Each structure stands twice: as structure tokens, then as C-alpha cells.
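The structure appears below as C-alpha cells.
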Amino acid sequence: MSAAPRTVRFMLNGAAVESTVASHLSLVEVLRDHFDLFGARESCGQGMCGCCTVLVDGRAVSSCLYLAAFADGADVVTVEHLAAEGRLDPVQEAFIAAGAFQCGFCTPGFVLMAKQLLDEISDPTDDEIRHYLSGNLCRCGAYPEIIAAVKLAATRRQDDPSRTPSASTKPLADDLIEGG
Amino acid sequence: MTDAARMSSGQVGRSVPRVEARAKVTGAAEYIHNLRLPGMLYAKICRSTVPHARIRRIDTREAAAIPGVRRIVTAADIRTVIAEPYYGPAFHDQPILAEGKVRHVGEPVAAVLAADPHIAEQAAQLIAVDYEPLPAVFDEVEAVSSSAIVHDALKPAGTFADLKHLSDRRNTNVALDFHLRRGDTERAFAEADHVFEHSFRTQQVMHTPLEPHVAIADARGDSLTIHTSTQTPSFVRTEIARLLGWPENRVRVRTAFLGGGFGAKVYVKVEALAVALSLLVCRPVRLALTMEEQFFTISKHASTFRIKSAVTNDGLITARRCEVFYNGGAYADIGPRVAQKSGFSAAGPYDIPNVSIDSFEIYTNRPPAGALRGFGVPQLVWAYESHTDLIARALGLDPFALRRKNLLRDGAEQATGTVMRDAAAGAVLDRLSERIGWDQPFDRGAGMVKRGRGIAIGFKASIAPTTSAASIAISADGSCTLYCGTVDMGQGSSTAMAQIAAETLGLEAEAVRVVTPDTDVTPYDMGTLGSRSVFHMGHAVRLAAEEARTKLAALAAETGVTPGTNLPIAELFRRKYGMQAGTIVGTGSYIPAYASPNPATGLTPNATPYWMIGGAAAEVEVDTETGRVRVLRLVNVADAGTPVNPRIVEAQLTGAAIMQLGFTLLESMDFTEGQLRNPSFAEYKIPGIRDLPDRIEAEVVDATQHSGPFGAKGVGETGTFAVSPAIANAIEDAVGVRITELPITPEAVYWALAEVSR
């Protein structure tokens with residue numbers, strides 16, 4: 001039903017992978033159907049809810065709108081990578097401690113977005129938290145607990161600098177500048 | 001597990017982290033959304049483009065020509081595997097695929113199967129349906145007298161005794177009329193000092209669970225497994241078995257965690273079509289809706305509520321007349337129960353001697369409406385609590401004092417005649433007043449931006465009578481597994497049930513394994529709905545745990561263990577069976593007492609096993625130039641009995657309030673002649689993190705539900721009750737205009753302000 005499939009090679013959760021993808025396939029479909037990764041989930045299908053959030057080259061994207069073909073040569077990280085060595089990321093620990101979810105369907109997206117926020121701003125204000133998380137929706141309404149979790153994670157990362165990864169992420173501020 | 005571990009107590013009342021917490025933050029939690037089966041086909045639906053029409057012809061030729069299309073299915077094909085393909089919990093009115101005619105935009109007309117979902121989707125769009133339009137009706141009040149009739153004849157399911165009189169009724173769109181008569185309303189109005197009459201409306205909205213409806217049906221040989229995101233696994237099994245004419249034991253329904261439900265996933269939704277398709281192709285079939293398709297599947301009733309009250313000079317309400325019209329859309333779903341059960345409480349939590357209630361479930365040519373977090377009650381509270389403030393203002397009385405004066409107290413008879421017990425309405429109202437500082441002066445705003453405060457309180461009967469059953473197994477190593485059909489869709493039921501089991505058995509809650517619902521192993525449960533689980537299933541789990549405890553004691557006695565000995569449970573099994581072997585199983589089943597309302601008067605001495613009370617206080621800021629409303633502070637106070645898990649209960653209250661905030665200020669399914677214009681998150685905005693009030697608070701008053709397990713009762717819906725009228729009341733307090741229709745958009749407020757200043 002579309003152009004010929006092509007092979008894409010990219011880093012996925014720290015490992016080099018390749019996959020043959022049709023040009024219309026989104027990244028979330030390929031993560032799910034080719035790599036059995038279910039942490040990113042398609043919900044609204046329009047990039048409005050953030051359930052499908054993954055990091056591409058350190059930056060949170062909606063993988064339901066991100067064509068898999070564009071992942072060629074990229075560094076893709078999903079929520080599954082955060083606790084790959086068995087130890088939870090401080091953001092994940094804080095989400096548990098603060099009770100920052102109910103049904104959990106949106107949670108991986110919030111965790112990844114919160115991680116990007118804390119990688120860029122180690123001690124965010126309430127307004128910065130709301131700004132970064134404004135593209136993630138939680139129908140259960142766990143927002144107050146999510147805000148508390150991000151603050152808790154910020155404190156824990158500062159108390160224990162070894163938990164702050166050095167991986168550079170591209171500041172979200174670039175979006176604002178690029179977007180005018 | 002040693003006796004020392006068994007001695008631990010305080011499991012109920014402890015804020016245990018959710019048992020599945022780690023799985024949810026790592027993305028590992030199981031949802032049916034994630035499931036793929038070998039050889040599975042994907043189904044996509046061709047949906048009606050018109051609100052009411054006869055189907056002249058369905059042309060599938062172009063769709064069938066797409067390479068990769070495995071099968072195209074219409075109603076005629078469904079009839080080859082299901083003789084009478086109509087389903088529904090109250091009426092058997094909903095066809096698996098439209099047959100002969102369509103009754104709403106978005107109704108499933110045909111389905112396409114393919115191994116590639118994109119091919120199925122493309123083909124579904126190429127099916128051409130020729131319609132002969134019929135007159136349609138969309139408004140719930142117009143539909144009562146309209147000549148446009150949605151269903152030729154009514155088909156009650158036989159499940160509910162009070163629907164039997166509707167059987168085969170023709171030329172009507174009224175799917176249920178509930179009437180309650182108490183005292184002499186007409187005389188009270190004639191003798192009243194003051195009579196107030198108002199009309200209020202609510203809009204149609206959608207639950208939008210972030211995991212859209214999904215089912216995989218797998219028919220093999222003479223048995224069938226349905227993996228589905230349902231809130232009601234037992235009901236799905238019973239209804240599918242009925243459709244197939246099979247015994248229930250050949251139908252297995254299993255769920256996982258649900259990515260939200262809120263009432264959208266009760267009863268049969270996508271399961272019947274998935275089953276029919278799987279039977280037709282003898283392969284597993286996955287039917288997963290998109291977010292857009294959910295809007296055409298189930299929604300919350302739009303409503304019109306006419307309310308009239310007789311009031312004395314000093315503010316005593318002596319009579320109230322309520323006429324409520326629920327817009328049920330094209331299929332009844334559970335709407336008739338919404339109209340009846342909410343009808344019980346339509347007059348509000350007030351002690352009114354003369355009450356007349358007429359509550360109607362109405363068919364229209366809109367997408368179906370059913371249960372959404374409150375079962376009709378938030379629509380009622382919106383009306384009666386807006387009405388309460390209008391009365392207070394007209395009489396120059398304080399809105400809090402007027403409520404306090406008329407409030408139902410424990411021991412008083414509520415409108416149905418049921419005596420109020422363990423209903424802490426007074427405490428809820430008092431704590432709202434204290435927290436918001438009702439008696440204190442506050443910043444009234446400056447310039448064009450004005451501030452105001454509002455208060456409201458609502459209540460709800462439980463859904464009765466309903467049954468829950470559970471079983472608990474103690475393995476030979478002493479570990480404990482709980483089998484219960486309550487579906488954890490985010491409300492924390494697995495955690496709460498583990499706590500109740502642990503409390504009874506003297507274990508740590510974290511040590512109890514909770515099996516997700518699977519009708520092959522988990523006993524019957526009526527459904528995870530109506531805030532019923534902690535009470536009903538909580539009792540069943542308690543009873544199962546008590547039976548297991550009794551059997552353990554018997555095993556100890558049998559094996560010669562002295563009571564009080566600090567001996568591990570595993571040792572009891574070893575003594576009895578000579579090795580690590582054997583199982584102890586305890587079972588429990590619970591159904592509360594209930595008395596059906598008298599068909600003529602609607603009165604009953606026992607309408608509900610418990611009452612849920614929810615109040616809200618809001619402080620808002622209104623920009624008089626734009627009409628924009630900002631909620632500065634939202635306080636929610638509830639009587640939830642004694643919380644099993646205080647932190648999860650507070651999160652439920654806050655989460656419900658945020659959802660209702662969306663229904664109050666943002667959300668509306670926007671129709672033009674039955675065509676839905678905004679079925680996506682791009683155009684239908686649900687609350688995001690930036691829509692939160694500056695301060696949002698929840699409190700549970702000190703209360704006990706004496707008939708509940710460990711003093712607990714339901715709370716899932718309570719936080720929704722009073723939010724909308726509290727905000728409308730605060731807006732009037734701020735700028736003197738009254739909004740009577742939801743949602744309260746800036747435009748609505750702007751025009752109301754313009755009207756006043758003219």
C-alpha cells in the first residue's frame with residue numbers, strides 16, 4: 001500500500017539495531033511490533049497526549065507521529081532503558097514514592113518527559129514543571145502527585161549526584177526559539 | 001511466613017504503595033492493548049456517516065479488491081454465527097453490526113479483517129454504503145414528543161424487573177420512566193411562601209480512557225477466550241454465552257490492568273463484534289478502537305433538569321418537584337439504570353417532606369450514553385446545587401446556612417423513604433466551610449478581574465443489589481493468592497483488596513498476590529463500577545480470608561499444634577502432608593439487602609447499602625472583559641467511610657475532581673445535526689497540567705460505614721459530584737451572573753455578563 005520498505009539502523013536502548021520498515025510506519029508501531037517494547041503506547045494518535053513519548057537523540061518526541069524511517073542513525077531511548085540494570089531511575093522512584101499515577105498508561109511518557117526536564121533544569125520551578133509536562137495528559141488526574149514526584153526526584157538527584165546521568169539532552173528552550 | 005508475620009496488623013488504613021507500582025513506572029505493566037497472538041487478524045470498522053437512515057446497499061467490491069484483505073463482514077454474515085445478534089445490559093437493542101438501518105453517526109456497519117491493520121483500515125474506508133435518510137431527533141426533551149422514533153419496538157433484556165412493562169412498547173423514545181411520589185407536593189406548593197423554578201442542562205462528554213477499548217477474541221474448537229479491556233468480565237462472559245447459546249464455562253474472559261475506564265468499559269462494548277469475527281474466520285481477531293472511535297461508542301448523558309421548590313420565608317424547603325431527561329443516544333446501554341438509580345437522589349441531600357420525581361431515559365440519534373463516573377448524579381447535583389444558591393440569593397440567606405438548615409441528618413428519611421445511616425453530610429459541609437474559610441473575608445479581586453467563592457454538596461446511592469465473590473488460596477509454603485474479579489483500572493483495587501485480605505489473615509499486604517480477573521479462575525463479580533468494589537468485593541474478600549483463617553486453625557488443631565505457638569504455616573502443611581503439598585482455599589460471597597422501589601410511588605425502605613457524600617468549595621477569578629474563569633482553589637471533602645488506603649482515596653477524590661473540572665469548563669461533544677465535530681484530542685480538550693487550579697485539596701471526614709468492611713465504602717465517583725455547581729456558584733458570587741448550562745466556557749460567561757450590563 002506504499003513505497004518499498006527500507007532498512008533503518010539505529011541505537012535502541014544502548015544497542016545497535018536494524019529493522020526493515022514500510023515508509024508509513026510510525027516509530028511506536030516499530031518499537032512494539034519489531035522490538036516488543038510496550039512502554040510507549042499509542043493513545044490519541046495525534047501527538048496530543050504524550051503516551052507514546054520516547055527520547056530520540058536525548059529529546060522527547062511523540063513516537064506516534066515520528067516515522068520509523070526517520071530513526072535511521074538516531075539514538076532512541078524508551079522507558080524500558082531507565083531501569084535496564086535493575087535499579088530504578090530516581091524519577092521512577094519518585095513517581096512511586098509520590099503515588100504519581102493511577103492507571104499507569106500515561107506514566108512512561110511522564111517519566112521520560114520529567115527526566116528530560118531534570119536533565120536540563122536540575123531544580124525546576126512549578127511553572128517550569130507545568131511547562132515541560134503540558135504535552136502529557138493524564139485522564140486519571142494524577143497531576144498534583146506528578147508535580148510532587150518531579151520535585152522529589154529533583155531533590156534526590158541533587159542529594160546523590162551519581163544518579164544524574166551525564167547524557168546530554170537538547171534543551172527544550174530550542175523548540176521555543178525555533179518555533180519563534 | 002512465621003506467626004510473627006501473621007501477627008502484624010494495621011494493614012487496613014495504611015497507605016500501602018500500589019502493588020503494581022514498579023510495573024507501571026517501568027512500562028512493564030500488562031494491558032490488553034499490548035497483547036498480540038500468533039495468527040491474529042486485525043479488524044477495522046466501517047461506520048455510519050448519517051444519524052438515522054435505512055441501509056439500501058453496502059458495496060464492498062472496491063474494498064475487497066485491496067490486496068491483503070482477508071474478509072469483509074456485514075450484519076448478514078454475523079447472523080450465520082449468532083442467530084439473534086443484539087445485545088445490551090438493559091435492552092437487547094444494539095446490533096453487533098447495523099442491520100437494516102443505522103441510528104447514529106459512527107455506528108458500526110461493516111468490518112474488514114486483514115493481517116496488516118493499515119490494510120484493514122484502508123479497505124474499511126472504501127466500503128460504500130447507500131443510505132435512505134430518516135427523520136432524526138437529537139434533543140432529549142424534543143425526543144419525548146417527536147415523530148422521529150429511534151426504535152420501532154422496545155426490547156427489555158429481562159434482567160431488570162422494573163423494565164418488563166416496557167416490553168414491545170411502540171412509537172416511543174422513552175426507554176425508562178421512573179416516578180417517585182412522597183407527601184403532597186401540590187398542596188405544599190399551593191401553601192408555599194415562595195416557589196422557585198429553574199431549568200439546567202448538561203452536555204454530552206466522553207470518558208476518553210487513554211487506553212482505548214480493545215478486545216482480542218480467540219475462538220478455537222468449542223471454546224472461546226476473550227482478552228478484553230473490560231470493567232465487567234463476568235457480565236461479558238454471561239452476555240457472550242447468551243448470544244452464542246453456550247454454557248458460560250466455554251467462554252473465558254480475561255483482563256489485565258486497564259488504562260482507565262471511568263464507566264466507558266462496562267458491559268459489552270467491542271467484545272461481541274470481535275467474537276463474531278473470530279468465529280467467522282477461526283482465528284484470533286483484535287479489535288482496537290482509536291481515540292476517535294471511542295467517541296462513537298459510549299459517552300456521558302447530556303441532560304435537562306427542571307427543578308421547582310417550595311420554600312418558607314426562613315429558608316425551609318417544604319416541597320420539590322424534579323423532572324430529569326437523560327439523553328441516552330441511540331442504544332440504551334445501562335441508561336435505564338442511570339435514570340432510575342439517580343432518580344432516587346434527584347431531590348438532593350435535603351430533608352424535604354414533599355417530593356415528586358420523574359426521571360426519563362430517552363432514545364435519540366446521538367452516539368450512545370451510559371455510565372460515566374457518577375451514574376447520572378453529577379448532572380443532578382449540577383442542577384439542584386445551582387438551584388440551592390439561586391434560592392439563597394433570592395431570599396437573602398447565606399448559601400451555607402441554607403444548606404445546613406435543610407440537610408438530611410442520620411435517622412431522617414430520604415426521598416425514597418430509606419433512612420439515612422452513616423451519611424456524614426453535616427460533617428462534609430462543615431469541613432468545606434472551615435477549609436475555605438467561609439466566614440472569613442477574602443480578596444474580591446480588583447479592576448476587571450473579580451473573585452468569588454461557591455460551595456456545593458451532593459450524594460449518591462450505591463448500585464444495588466449486586467454480588468461479588470472471591471477466593472483465597474494459601475499455598476503449602478504459606479504464601480497467599482487472592483482471586484477476585486475486580487478490575488484495577490487505576491483506582492487501586494488490587495492494593496485495597498490485598499490490604500483487606502492481609503488484615504484478616506494477619507499478613508503484610510505486600511505479600512498477597514492478586515490475580516487479575518480471568519473468569520476461568522476468578523469467581524463472579526457484578527462489575528467494577530458505581531464505586532461498589534471496596535464495599536461489595538471488600539466484604540467477599542474479607543469472608544474468603546476468614547474462611548481460610550478458620551481452615552488454617554483447623555489444620556493447626558488437626559496437626560496437634562498448640563494455639564499461640566510460633567510455628568510457620570508451611571510447617572502445618574508439612575505435618576499434614578509429609579512434604580510441601582496441599583492448599584487451603586477460602587471462599588466468600590456477598591450481596592447486600594435491598595428492596596425494589598414500589599412501581600407506583602418509587603418508595604423503598606432500603607434503596608442502597610450505603611450513601612456516598614461529596615462536597616466541593618471553589619474560589620474563582622473571572623475576567624469580566626473576556627469571560628475567562630480561573631479556578632484558584634478547589635477543595636473536595638467526602639464521606640468515604642474509613643479509608644482502606646488513605647493516600648489512594650485522596651488521589652481518587654482529586655483525580656475525580658480534575659475530571660469533573662474538564663466537564664465543567666472545557667469538554668463538550670459538539671454536534672451539528674447529529675454529526676460530531678470534535679472527536680479527537682486536537683479539538684476535544686481534556687484537562688492538562690496547566691488547567692489545574694492553583695490549589696487543589698482533598699479531605700476525607702472522620703466517618704465509619706458500620707455495614708462496610710472495616711468501616712469502608714466506595715469513593716471512586718464521589719469527587720465528581722459537587723465540582724460543577726461549586727464553580728458556577730462561585731462565578732455568580734464573583735460577577736453576579738448565573739450559568740445554567742455546561743460547559744462554562746469563556747464565551748458563555750462573556751455573553752451572560754453582556755446580558756446583565758445591557
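Residues are referred to by chain and number: the chain letter is A, B, ... according to the order shown in the C-alpha cells, the number counts from 1 in that chain, and ligands are numbered separately from 1 in the order shown.
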**Request:** as number ranges by chain, list the residues of range 271-469 of chain B assigned to strand (DSSP E) by DSSP on the backbone atoms of this structure.
**Result:** B: 285-288, 302-311, 317-329, 354-363, 445-446, 449-461, 468-469
**Request:** Extract, using only C-alpha atoms, all DNA, RNA and protein residues at most 6 Å from Val8 in chain A, discarding same-chain residues fewer than 3 positions from it, and format them as an MDAnalysis selection string.
**Result:** chainID A and resid 18:19 72
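Proximity of B:Leu126, B:Ala23, B:Val251, B:Leu603 to chain A, computed with only C-alpha atoms, is greatest for B:Ala23.
Comparing B:Asp389, B:Asp77, B:Asp59, B:Asp488 by their smallest distance to Gly261 in chain B, the closest is B:Asp488 (using only C-alpha atoms).
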**Request:** From range 26-176 of chain A, collect each residue whose DSSP state is alpha helix (DSSP H) and return the set as a PyMOL selection string.
**Result:** chain A and resi 27-35+90-97+107-120+126-132+143-159+173-176
Would you tabulate, counting only C-alpha atoms, all residues of range 632-748 of chain B that have an atom at most 12 Å from an atom of range 577-597 of chain B, showing the closest pair of atoms and their distance in Å to one decimal, sorted by chain then ascending number, as CSV?
residue,atom,partner,partner_atom,distance
B:Ser707,CA,B:Pro592,CA,9.4
B:Gly708,CA,B:Pro592,CA,10.2
B:Pro709,CA,B:Tyr590,CA,11.1
Write the selection just made, keeping N, CA and C atoms, as a short mmCIF file (atom, residue, chain, number, x, y, z; two decimals), in the first residue's frame?
data_model
loop_
_atom_site.label_atom_id
_atom_site.label_comp_id
_atom_site.auth_asym_id
_atom_site.auth_seq_id
_atom_site.Cartn_x
_atom_site.Cartn_y
_atom_site.Cartn_z
N SER B 707 -21.69 -0.81 58.19
CA SER B 707 -22.01 -2.03 57.46
C SER B 707 -20.91 -2.41 56.47
N GLY B 708 -19.87 -1.59 56.35
CA GLY B 708 -18.82 -1.83 55.35
C GLY B 708 -17.68 -2.66 55.91
N PRO B 709 -16.83 -3.20 55.03
CA PRO B 709 -15.68 -3.97 55.50
C PRO B 709 -14.68 -3.02 56.18
#
**Complete:** Using only C-alpha atoms, the residue out of A:Cys52, A:Val111, A:Ile129, A:Val76 with shortest distance to Leu88 in chain A is A:Val111
